[in-house]
$ cat data_5.txt   # compact mmCIF, C-alpha atoms and all ligand atoms
# COMPACT_ATOMS: atom_id res chain seq x y z
CA LEU W 17 119.31 81.77 119.79
CA SER W 18 118.56 78.19 120.72
CA VAL W 19 115.43 77.43 122.60
CA SER W 20 115.40 74.17 124.56
CA PRO W 21 111.98 72.65 125.09
CA PRO W 22 110.60 73.53 128.50
CA PRO W 23 110.61 70.69 131.06
CA GLU W 24 107.34 68.79 131.46
CA PRO W 25 105.42 70.38 134.31
CA VAL W 26 104.99 68.24 137.43
CA TYR W 27 102.48 68.59 140.28
CA THR W 28 103.55 67.18 143.63
CA ILE W 29 101.21 66.29 146.48
CA ILE W 30 102.86 65.27 149.74
CA VAL W 31 101.03 62.59 151.66
CA THR W 32 102.41 62.85 155.19
CA SER W 33 101.77 61.83 158.76
CA ARG W 34 103.51 64.95 160.02
CA THR W 35 101.09 67.58 161.07
CA GLU W 36 103.55 70.19 162.33
CA LYS W 37 102.99 73.48 160.47
CA ARG W 38 106.78 73.90 160.21
CA ASP W 39 107.25 70.55 158.37
CA ILE W 40 104.46 71.31 155.95
CA ALA W 41 105.81 74.79 155.24
CA TYR W 42 109.24 73.21 154.61
CA ALA W 43 107.76 70.77 152.06
CA LEU W 44 105.84 73.53 150.27
CA GLU W 45 108.91 75.81 150.16
CA ASN W 46 110.92 72.98 148.62
CA GLY W 47 108.76 72.31 145.64
CA ALA W 48 105.62 70.52 146.83
CA ASP W 49 102.43 71.96 145.41
CA ASP W 50 99.98 70.58 147.96
CA TYR W 51 99.82 68.25 150.96
CA ILE W 52 97.42 65.94 152.67
CA THR W 53 97.89 64.49 156.16
CA LYS W 54 97.33 60.93 157.20
CA PRO W 55 94.93 59.44 157.85
CA PHE W 56 93.30 60.88 154.74
CA ASP W 57 90.02 60.62 153.05
CA ILE W 58 90.33 59.02 149.57
CA ALA W 59 87.66 61.34 148.17
CA GLU W 60 89.64 64.36 149.36
CA LEU W 61 92.86 63.00 147.83
CA ARG W 62 91.04 62.43 144.53
CA ALA W 63 89.69 65.98 144.62
CA ARG W 64 93.17 67.37 145.28
CA ILE W 65 94.60 65.26 142.42
CA ASN W 66 91.92 66.70 140.16
CA VAL W 67 92.96 70.22 141.13
CA GLY W 68 96.52 69.22 140.20
CA ILE W 69 95.36 67.88 136.85
CA ARG W 70 93.50 71.10 136.11
CA LEU W 71 96.55 73.19 136.97
CA LEU W 72 98.86 70.98 134.91
CA THR W 73 96.56 71.14 131.89
CA PHE W 74 96.52 74.93 132.17
CA LYS W 75 100.31 75.07 132.56
CA ARG W 76 100.85 72.85 129.51
CA GLN W 77 98.52 74.99 127.43
CA SER W 78 100.35 78.15 128.40
CA ILE W 79 103.72 76.53 127.63
CA ASP W 80 102.39 75.54 124.19
CA SER W 81 101.04 78.98 123.46
CA ASN W 82 104.28 80.59 124.64
CA ALA W 83 106.24 78.39 122.25
CA ARG W 84 103.85 79.32 119.45
CA LEU W 85 104.17 83.00 120.31
CA LEU W 86 107.97 82.72 120.25
CA GLU W 87 107.75 81.07 116.83
CA TYR W 88 105.47 83.86 115.53
CA THR W 89 107.80 86.51 116.91
CA LYS W 90 110.73 84.92 115.13
CA GLN W 91 108.75 84.80 111.88
CA MET W 92 107.73 88.45 112.25
CA GLU W 93 111.32 89.49 112.95
CA LYS W 94 112.49 87.65 109.84
CA LEU W 95 109.72 89.25 107.78
CA ALA W 96 110.64 92.72 109.05
CA GLU W 97 114.31 92.06 108.25
CA ASP W 98 113.46 90.87 104.72
CA ARG W 99 111.21 93.88 104.17
CA ALA W 100 113.89 96.30 105.40
CA GLU W 101 116.39 94.73 103.01
CA GLN W 102 113.90 94.96 100.15
CA LEU W 103 113.38 98.65 100.89
CA VAL W 104 117.11 99.35 100.90
CA ARG W 105 117.36 97.62 97.54
CA ALA W 106 114.30 99.46 96.19
CA ASP W 107 115.87 102.78 97.21
CA ARG W 108 119.13 101.87 95.46
CA LEU W 109 117.35 100.87 92.27
CA SER W 110 115.17 103.97 92.23
CA THR W 111 118.28 106.15 92.75
CA ILE W 112 120.07 104.41 89.91
CA GLY W 113 116.99 104.96 87.76
CA ARG W 114 116.99 108.65 88.56
CA LEU W 115 120.73 109.08 88.06
CA SER W 116 121.06 106.87 84.98
CA ALA W 117 120.38 109.54 82.33
CA GLY W 118 123.03 111.78 83.90
CA ILE W 119 125.49 108.91 84.27
CA ALA W 120 124.98 107.95 80.62
CA HIS W 121 125.73 111.56 79.74
CA GLU W 122 128.91 111.48 81.82
CA ILE W 123 130.06 108.38 79.96
CA ASN W 124 129.05 109.83 76.64
CA ASN W 125 131.28 112.89 77.04
CA PRO W 126 134.65 111.12 77.17
CA CYS W 127 133.38 108.70 74.53
CA SER W 128 132.77 111.67 72.22
CA PHE W 129 136.23 113.15 72.56
CA ILE W 130 137.86 109.73 72.27
CA ALA W 131 135.90 109.25 69.04
CA VAL W 132 137.08 112.66 67.74
CA ASN W 133 140.69 111.79 68.59
CA ILE W 134 140.44 108.44 66.83
CA GLN W 135 139.10 110.21 63.78
CA THR W 136 142.02 112.67 63.84
CA ILE W 137 144.50 109.80 64.05
CA GLU W 138 142.74 108.00 61.22
CA GLU W 139 142.84 111.10 59.02
CA HIS W 140 146.55 111.64 59.63
CA TRP W 141 147.67 108.03 59.48
CA GLU W 142 148.43 108.09 55.74
CA LEU W 143 150.59 111.16 56.31
CA ILE W 144 152.62 109.28 58.93
CA VAL W 145 153.06 106.25 56.65
CA ASP W 146 154.24 108.57 53.85
CA ALA W 147 156.57 110.35 56.26
CA PHE W 148 158.22 107.05 57.11
CA ALA W 149 158.46 106.20 53.42
CA GLY W 150 160.20 109.55 52.91
CA VAL W 151 157.94 110.62 50.09
CA LEU W 152 156.53 113.85 51.53
CA SER W 153 156.79 117.41 50.25
CA ASP W 154 158.23 119.93 52.71
CA GLU W 155 154.76 121.30 53.40
CA LYS W 156 153.35 117.81 54.15
CA LYS W 157 156.40 117.02 56.26
CA ALA W 158 155.65 120.08 58.42
CA GLU W 159 152.03 118.94 58.77
CA ALA W 160 153.15 115.43 59.78
CA GLY W 161 155.52 117.00 62.33
CA ARG W 162 152.70 119.10 63.82
CA PHE W 163 150.50 116.04 64.09
CA ALA W 164 153.28 113.98 65.67
CA SER W 165 153.83 116.70 68.28
CA MET W 166 150.09 116.68 69.10
CA MET W 167 150.13 112.93 69.65
CA PRO W 168 151.17 112.87 73.38
CA ASP W 169 148.27 115.22 74.22
CA ILE W 170 145.84 113.12 72.18
CA ILE W 171 146.98 109.98 73.99
CA ASP W 172 146.76 111.67 77.41
CA GLU W 173 143.26 112.88 76.67
CA MET W 174 142.13 109.44 75.60
CA LYS W 175 143.74 107.86 78.64
CA SER W 176 141.98 110.22 81.02
CA GLY W 177 138.71 109.63 79.14
CA VAL W 178 139.03 105.88 79.52
CA THR W 179 139.90 106.28 83.22
CA ARG W 180 136.82 108.45 83.71
CA ILE W 181 134.56 105.95 81.99
CA LYS W 182 136.05 103.14 84.03
CA ARG W 183 135.53 105.00 87.27
CA ILE W 184 131.92 105.82 86.46
CA VAL W 185 131.14 102.27 85.36
CA ASN W 186 132.81 100.83 88.47
CA GLY W 187 130.84 103.15 90.72
CA LEU W 188 127.64 102.18 89.00
CA LYS W 189 128.50 98.51 89.07
CA THR W 190 129.04 98.47 92.81
CA TYR W 191 125.93 100.57 93.38
CA ALA W 192 123.79 98.22 91.30
CA HIS W 193 125.41 95.21 92.97
CA PRO W 194 123.23 93.31 95.42
CA LEU W 195 124.12 94.12 98.99
CA SER W 196 126.66 91.75 100.47
CA GLY W 197 125.99 92.80 104.04
CA LYS W 198 129.72 92.36 104.68
CA SER W 199 131.54 94.73 106.96
CA SER W 200 135.12 95.87 106.58
CA PRO W 201 137.22 98.93 107.50
CA PHE W 202 136.95 101.80 105.04
CA ARG W 203 137.75 105.47 104.74
CA LEU W 204 134.83 107.84 104.88
CA ASP W 205 136.47 110.43 102.60
CA ALA W 206 136.87 107.83 99.82
CA CYS W 207 133.26 106.76 100.33
CA ILE W 208 132.07 110.39 100.06
CA GLU W 209 134.17 110.93 96.93
CA SER W 210 132.65 107.93 95.19
CA ALA W 211 129.13 109.05 96.15
CA LEU W 212 129.92 112.50 94.69
CA GLN W 213 131.18 110.79 91.57
CA LEU W 214 127.85 108.95 91.16
CA CYS W 215 125.96 112.23 91.55
CA ALA W 216 128.42 114.24 89.44
CA ASN W 217 126.05 114.88 86.59
CA LYS W 218 123.13 115.70 88.84
CA LEU W 219 125.24 118.29 90.66
CA LYS W 220 127.06 119.64 87.64
CA TYR W 221 124.69 122.32 86.35
CA HIS W 222 123.37 124.14 89.41
CA VAL W 223 125.51 123.09 92.36
CA ARG W 224 129.01 124.08 93.33
CA VAL W 225 130.50 121.32 95.44
CA LYS W 226 132.90 122.28 98.23
CA THR W 227 134.60 119.51 100.19
CA GLU W 228 136.80 119.65 103.23
CA LEU W 229 137.55 116.02 104.01
CA THR W 230 140.05 115.80 106.83
CA ALA W 231 141.85 112.59 107.74
CA THR W 232 139.57 110.75 110.15
CA PRO W 233 139.76 107.26 111.70
CA LYS W 234 138.44 104.46 109.52
CA ILE W 235 134.88 103.24 109.81
CA PHE W 236 133.99 99.59 110.20
CA GLY W 237 130.93 98.64 108.23
CA ASP W 238 129.34 98.23 104.83
CA LEU W 239 130.94 100.82 102.56
CA TYR W 240 128.23 100.48 99.92
CA GLN W 241 125.41 101.12 102.35
CA ILE W 242 127.13 104.21 103.75
CA GLU W 243 127.74 105.36 100.18
CA GLN W 244 123.98 104.98 99.64
CA VAL W 245 123.38 107.38 102.56
CA PHE W 246 125.55 110.06 100.96
CA VAL W 247 124.08 109.52 97.49
CA ASN W 248 120.67 110.12 99.08
CA LEU W 249 121.80 113.29 100.84
CA PHE W 250 123.56 114.65 97.72
CA THR W 251 120.62 113.94 95.40
CA ASN W 252 118.28 115.56 97.93
CA ALA W 253 120.51 118.66 98.03
CA ALA W 254 120.65 118.78 94.23
CA ASP W 255 116.84 118.42 94.01
CA ALA W 256 116.28 121.15 96.62
CA ILE W 257 118.68 123.59 94.94
CA GLU W 258 117.27 122.82 91.50
CA GLU W 259 113.73 123.37 92.74
CA SER W 260 114.66 126.74 94.25
CA GLY W 261 115.42 127.96 90.74
CA LYS W 262 118.78 129.41 91.83
CA ASP W 263 122.26 127.93 91.66
CA GLY W 264 123.66 126.88 95.00
CA THR W 265 126.41 125.26 97.01
CA LEU W 266 126.80 121.85 98.58
CA THR W 267 129.40 121.71 101.33
CA VAL W 268 130.68 118.41 102.69
CA THR W 269 133.06 118.35 105.62
CA THR W 270 134.38 115.61 107.88
CA LYS W 271 135.82 115.75 111.35
CA GLU W 272 136.36 113.56 114.38
CA GLU W 273 134.71 114.23 117.71
CA GLY W 274 134.40 112.07 120.81
CA GLY W 275 135.26 108.85 118.97
CA PHE W 276 132.79 109.59 116.20
CA VAL W 277 133.53 110.49 112.63
CA ILE W 278 131.08 113.20 111.64
CA ALA W 279 130.31 114.12 108.06
CA ALA W 280 128.30 117.31 107.71
CA VAL W 281 126.36 117.83 104.49
CA ARG W 282 125.01 121.32 104.05
CA ASP W 283 123.29 122.92 101.09
CA SER W 284 122.25 126.46 100.26
CA GLY W 285 118.74 125.43 99.21
CA PRO W 286 115.50 126.43 100.94
CA GLY W 287 115.97 123.94 103.80
CA PHE W 288 113.60 121.21 104.93
CA PRO W 289 109.93 122.16 104.79
CA LYS W 290 108.29 122.28 108.25
CA THR W 291 106.00 119.37 107.40
CA VAL W 292 109.02 117.19 106.58
CA LEU W 293 110.83 118.12 109.79
CA GLU W 294 107.70 117.20 111.77
CA ASN W 295 107.49 113.80 110.06
CA LEU W 296 111.16 113.04 109.82
CA PHE W 297 112.09 109.52 108.74
CA VAL W 298 108.50 108.58 107.97
CA PRO W 299 108.80 106.38 104.88
CA PHE W 300 107.02 107.36 101.66
CA LYS W 301 106.70 111.04 102.67
CA THR W 302 107.89 112.97 99.67
CA THR W 303 107.27 116.44 98.33
CA LYS W 304 108.57 115.43 94.92
CA PRO W 305 106.58 114.57 91.80
CA VAL W 306 105.97 110.91 90.93
CA GLY W 307 109.10 109.36 89.47
CA ASN W 308 111.40 111.83 91.22
CA GLY W 309 111.16 110.69 94.79
CA THR W 310 110.05 107.69 96.77
CA GLY W 311 110.20 109.34 100.18
CA LEU W 312 112.36 106.43 101.30
CA GLY W 313 115.76 108.08 101.19
CA LEU W 314 115.93 109.66 104.63
CA SER W 315 114.28 106.83 106.55
CA ILE W 316 116.49 104.21 104.89
CA SER W 317 119.57 106.35 105.38
CA ARG W 318 118.82 106.69 109.06
CA ASN W 319 118.29 102.93 109.41
CA ILE W 320 121.61 102.28 107.70
CA VAL W 321 123.44 104.72 109.98
CA LYS W 322 121.69 103.31 113.08
CA ASP W 323 122.71 99.78 111.99
CA HIS W 324 126.28 101.08 112.09
CA LYS W 325 125.72 102.29 115.67
CA GLY W 326 125.72 105.87 114.50
CA ASP W 327 123.13 108.57 114.05
CA LEU W 328 121.74 110.75 111.28
CA ILE W 329 120.81 114.25 112.38
CA ILE W 330 118.56 116.24 110.09
CA GLU W 331 117.97 119.93 110.65
CA ASN W 332 118.00 123.31 109.00
CA HIS W 333 121.09 125.46 109.44
CA PRO W 334 120.50 128.69 111.40
CA ASP W 335 121.89 130.53 108.35
CA GLY W 336 119.53 128.66 105.99
CA GLY W 337 119.62 125.48 103.97
CA ALA W 338 119.46 121.83 104.95
CA TYR W 339 122.09 120.62 107.39
CA CYS W 340 122.51 116.85 107.76
CA LYS W 341 125.06 115.16 109.96
CA VAL W 342 126.12 111.55 109.56
CA MET W 343 127.76 110.32 112.76
CA LEU W 344 129.60 107.01 112.71
CA PRO W 345 131.81 105.43 115.36
CA GLY W 346 135.43 105.60 114.28
CA MET W 347 137.65 102.55 114.58
CA GLY W 348 140.20 102.22 117.33
CA ARG W 349 138.70 104.87 119.57
CA GLU W 350 136.55 104.50 122.60
CA VAL W 351 133.09 105.81 121.80
CA GLN W 352 132.00 108.08 124.65
N1 LIG Y 1 118.39 118.99 101.25
C1 LIG Y 1 117.06 119.16 101.36
N2 LIG Y 1 116.51 120.41 101.34
C2 LIG Y 1 115.18 120.57 101.45
N3 LIG Y 1 114.29 119.57 101.59
C3 LIG Y 1 114.76 118.31 101.61
C4 LIG Y 1 116.16 118.02 101.51
N4 LIG Y 1 116.33 116.69 101.58
C5 LIG Y 1 115.09 116.16 101.71
N5 LIG Y 1 114.14 117.11 101.73
C6 LIG Y 1 112.69 116.92 101.88
O1 LIG Y 1 112.49 115.67 102.54
C7 LIG Y 1 111.65 114.83 101.78
C8 LIG Y 1 112.01 113.39 102.00
O2 LIG Y 1 113.30 113.11 101.48
P1 LIG Y 1 113.68 111.62 101.12
O3 LIG Y 1 113.34 110.75 102.28
O4 LIG Y 1 115.07 111.61 100.62
O5 LIG Y 1 112.67 111.23 99.97
P2 LIG Y 1 112.60 111.76 98.46
O6 LIG Y 1 113.91 112.42 98.15
O7 LIG Y 1 112.39 110.51 97.68
O8 LIG Y 1 111.43 112.71 98.43
C9 LIG Y 1 111.80 115.33 100.36
O9 LIG Y 1 110.66 115.02 99.58
C10 LIG Y 1 111.99 116.82 100.55
O10 LIG Y 1 110.74 117.46 100.71
MG MG Y 2 115.80 111.56 98.53
$ encode --input "data_5.txt" --output "structure tokens"
Amino acid sequence: LSVSPPPEPVYTIIVTSRTEKRDIAYALENGADDYITKPFDIAELRARINVGIRLLTFKRQSIDSNARLLEYTKQMEKLAEDRAEQLVRADRLSTIGRLSAGIAHEINNPCSFIAVNIQTIEEHWELIVDAFAGVLSDEKKAEAGRFASMMPDIIDEMKSGVTRIKRIVNGLKTYAHPLSGKSSPFRLDACIESALQLCANKLKYHVRVKTELTATPKIFGDLYQIEQVFVNLFTNAADAIEESGKDGTLTVTTKEEGGFVIAAVRDSGPGFPKTVLENLFVPFKTTKPVGNGTGLGLSISRNIVKDHKGDLIIENHPDGGAYCKVMLPGMGREVQ
């Protein structure tokens, strides 16, 4: 937005010998501010000029204060934008903090079985060397054969372990990455899968995850911010189910409707408390103990979805449990 400086205000007094009402009205309609007819009294002209000066001074002051107001507004907008960005980042960091123990555990698992496999290889290596040298007894030869036949499985296991570690680390890396604010086309199902991956450990013990991700049009936007929305919804569901003291189900489905891609996230927990539903999207409202929740998740998630010209609908399902719908405009379709 470029603001050109307003033109200097001018005050015009017509000094005229015409006395016809029509002529005077014409002059006033075409930009004159005042008129005086000849012959005129110098004192009257001076008085009228003084009125003009007073009006001009007032006009100039109001132009100045308007410009200052515009400047303030711009500063406030920038401040609000910076704050919003800081909050999004704070929410990401707090989520990473809460998920980190579980993520470390997820990395530790494949590391453990890779370590066991390496130890097995190490223990049998001498046997293999001896087998090649042809110095083994029949019994040892059989043992070397058994080990050799186990090798493809050992390698497969280690490969899948390394892939798992890589996937977890990549997910974490992008989540911890500062927001780029760049938009590009992405697939919502892939985004949901990577959010589930980040929450895998949190969901593992008490939550059965059911997904039904149908092929939907791509979304144009910031994949990492949308991922943040789902991580928030999934961790909320896990918290709610965990708190209920019973194991439960998290169901994630996607579909397309009226140009929108809709992801429904439903859990079998106790549902949103009434007080939360009445104060939806109010930041810092949390029912969780210190260190477990910031109360930012839902309000930030809604802002992210709104920024993508979509909507986040939060309600309880008639059959119980929280029911959240993320609606995003799909690419290449007219949004109705
Ligand atoms: N799936 C859910 N089931 C029940 N209550 C929920 C669910 N998700 C959120 N809530 C309630 O909404 C509150 C606000 O959620 P949120 O904005 O994500 O903040 P936080 O998770 O940090 O508390 C939670 O404290 C909780 O009381
Ligand atoms: Mg939350």
$ atom_distance --input "data_5.txt" --atom1 "CA of Asn46 in chain W" --atom2 "CA of Ser78 in chain W"
23.4 Å
$ atom_distance --input "data_5.txt" --atom1 "CA of Gly337 in chain W" --atom2 "atom C2 of ligand LIG 1 (chain Y)"
7.1 Å
$ closest_residue --input "data_5.txt" --among "W:Glu331, W:Asp107, W:Asp50, W:Glu243" --to "ligand MG 2 (chain Y)" --atoms "only C-alpha atoms and all ligand atoms"
W:Asp107
$ residues_near_point --input "data_5.txt" --point "(119.4, 103.1, 95.8)" --cutoff "9 Å" --atoms "all atoms listed in the file" --output "MDAnalysis selection string"
chainID W and resid 104:113 191:192 244:245 247:248 313
$ closest_residue --input "data_5.txt" --among "W:Gln241, W:Thr267, W:Thr28, W:Thr302" --to "Thr190 in chain W" --atoms "all atoms listed in the file"
W:Gln241
$ residues_near_ligand --input "data_5.txt" --ligand "ligand MG 2 (chain Y)" --cutoff "8 Å" --atoms "only C-alpha atoms and all ligand atoms" --output "VMD selection string"
chain W and resid 248 to 249 251 to 252 309 to 314
$ closest_residue --input "data_5.txt" --among "W:Ser153, W:Tyr240, W:Ile171, W:Phe163" --to "Pro194 in chain W" --atoms "only C-alpha atoms"
W:Tyr240
$ closest_atom_pairs --input "data_5.txt" --of "chain W" --to "ligand LIG 1 (chain Y)" --cutoff "9 Å" --atoms "all atoms listed in the file" --output "Markdown table"
| residue | atom | partner | partner_atom | distance |
| --- | --- | --- | --- | --- |
| W:Asp107 | CA | Y:LIG1 | O7 | 8.5 |
| W:Ser110 | CA | Y:LIG1 | O7 | 9.0 |
| W:Thr111 | CA | Y:LIG1 | O7 | 8.8 |
| W:Asn248 | CA | Y:LIG1 | O4 | 6.0 |
| W:Leu249 | CA | Y:LIG1 | N4 | 6.5 |
| W:Phe250 | CA | Y:LIG1 | N1 | 7.6 |
| W:Thr251 | CA | Y:LIG1 | O6 | 7.4 |
| W:Asn252 | CA | Y:LIG1 | N4 | 4.3 |
| W:Ala253 | CA | Y:LIG1 | N1 | 3.9 |
| W:Ala254 | CA | Y:LIG1 | N1 | 7.4 |
| W:Asp255 | CA | Y:LIG1 | C1 | 7.4 |
| W:Ala256 | CA | Y:LIG1 | N2 | 4.8 |
| W:Ile257 | CA | Y:LIG1 | N2 | 7.5 |
| W:Val281 | CA | Y:LIG1 | N1 | 8.7 |
| W:Arg282 | CA | Y:LIG1 | N1 | 7.6 |
| W:Asp283 | CA | Y:LIG1 | N1 | 6.3 |
| W:Ser284 | CA | Y:LIG1 | N2 | 8.4 |
| W:Gly285 | CA | Y:LIG1 | N2 | 5.9 |
| W:Pro286 | CA | Y:LIG1 | C2 | 5.9 |
| W:Gly287 | CA | Y:LIG1 | C2 | 4.2 |
| W:Phe288 | CA | Y:LIG1 | N3 | 3.8 |
| W:Pro289 | CA | Y:LIG1 | N3 | 6.0 |
| W:Thr291 | CA | Y:LIG1 | O10 | 8.4 |
| W:Val292 | CA | Y:LIG1 | O1 | 5.5 |
| W:Leu293 | CA | Y:LIG1 | O1 | 7.8 |
| W:Leu296 | CA | Y:LIG1 | O1 | 7.9 |
| W:Phe297 | CA | Y:LIG1 | O3 | 6.7 |
| W:Val298 | CA | Y:LIG1 | O3 | 7.8 |
| W:Pro299 | CA | Y:LIG1 | O3 | 6.8 |
| W:Phe300 | CA | Y:LIG1 | O5 | 7.1 |
| W:Lys301 | CA | Y:LIG1 | C8 | 5.8 |
| W:Thr302 | CA | Y:LIG1 | O9 | 3.4 |
| W:Thr303 | CA | Y:LIG1 | O9 | 3.9 |
| W:Lys304 | CA | Y:LIG1 | O9 | 5.1 |
| W:Pro305 | CA | Y:LIG1 | O8 | 8.4 |
| W:Gly307 | CA | Y:LIG1 | O7 | 8.9 |
| W:Asn308 | CA | Y:LIG1 | O7 | 6.7 |
| W:Gly309 | CA | Y:LIG1 | O7 | 3.1 |
| W:Thr310 | CA | Y:LIG1 | O7 | 3.8 |
| W:Gly311 | CA | Y:LIG1 | O5 | 3.1 |
| W:Leu312 | CA | Y:LIG1 | O3 | 4.5 |
| W:Gly313 | CA | Y:LIG1 | O4 | 3.6 |
| W:Leu314 | CA | Y:LIG1 | O3 | 3.7 |
| W:Ser315 | CA | Y:LIG1 | O3 | 5.9 |
| W:Ile316 | CA | Y:LIG1 | O3 | 7.7 |
| W:Ser317 | CA | Y:LIG1 | O3 | 8.2 |
| W:Ile330 | CA | Y:LIG1 | N4 | 8.8 |
| W:Asn332 | CA | Y:LIG1 | N2 | 8.3 |
| W:Gly337 | CA | Y:LIG1 | N2 | 6.5 |
| W:Ala338 | CA | Y:LIG1 | N1 | 4.8 |
| W:Tyr339 | CA | Y:LIG1 | N1 | 7.4 |
| W:Cys340 | CA | Y:LIG1 | N1 | 8.0 |
$ atom_distance --input "data_5.txt" --atom1 "CA of Gly326 in chain W" --atom2 "CA of Cys215 in chain W"
23.8 Å
$ closest_residue --input "data_5.txt" --among "W:Leu95, W:Val145, W:Val342, W:Leu86" --to "Ile208 in chain W" --atoms "only C-alpha atoms"
W:Val342
$ closest_residue --input "data_5.txt" --among "W:Leu71, W:Ile130, W:Met343, W:Leu212" --to "Thr270 in chain W" --atoms "all atoms listed in the file"
W:Met343
$ closest_residue --input "data_5.txt" --among "W:Ala100, W:Ala83, W:Ile184, W:Leu143" --to "Lys157 in chain W" --atoms "all atoms listed in the file"
W:Leu143
$ closest_atom_pairs --input "data_5.txt" --of "range 210-268 of chain W" --to "range 116-128 of chain W" --cutoff "9 Å" --atoms "all atoms listed in the file" --output "CSV"
residue,atom,partner,partner_atom,distance
W:Leu214,CA,W:Ile119,CA,7.3
W:Cys215,CA,W:Ile119,CA,8.0
W:Ala216,CA,W:Ile119,CA,8.0
W:Asn217,CA,W:Gly118,CA,5.1
W:Lys218,CA,W:Gly118,CA,6.3
$ residues_around --input "data_5.txt" --residues "range 222-238 of chain W" --least-positions-apart "3" --cutoff "7 Å" --atoms "only C-alpha atoms" --output "count of residues only"
29
$ residues_around --input "data_5.txt" --residues "Ala164 in chain W" --least-positions-apart "6" --cutoff "10 Å" --atoms "only C-alpha atoms" --output "JSON list (two decimals) with C-alpha atoms, keeping the file's coordinate frame"
[["chain", "number", "residue", "atom", "x", "y", "z"],
["W", 137, "ILE", "CA", 144.50, 109.80, 64.05],
["W", 140, "HIS", "CA", 146.55, 111.64, 59.63],
["W", 144, "ILE", "CA", 152.62, 109.28, 58.93],
["W", 158, "ALA", "CA", 155.65, 120.08, 58.42],
["W", 170, "ILE", "CA", 145.84, 113.12, 72.18]]
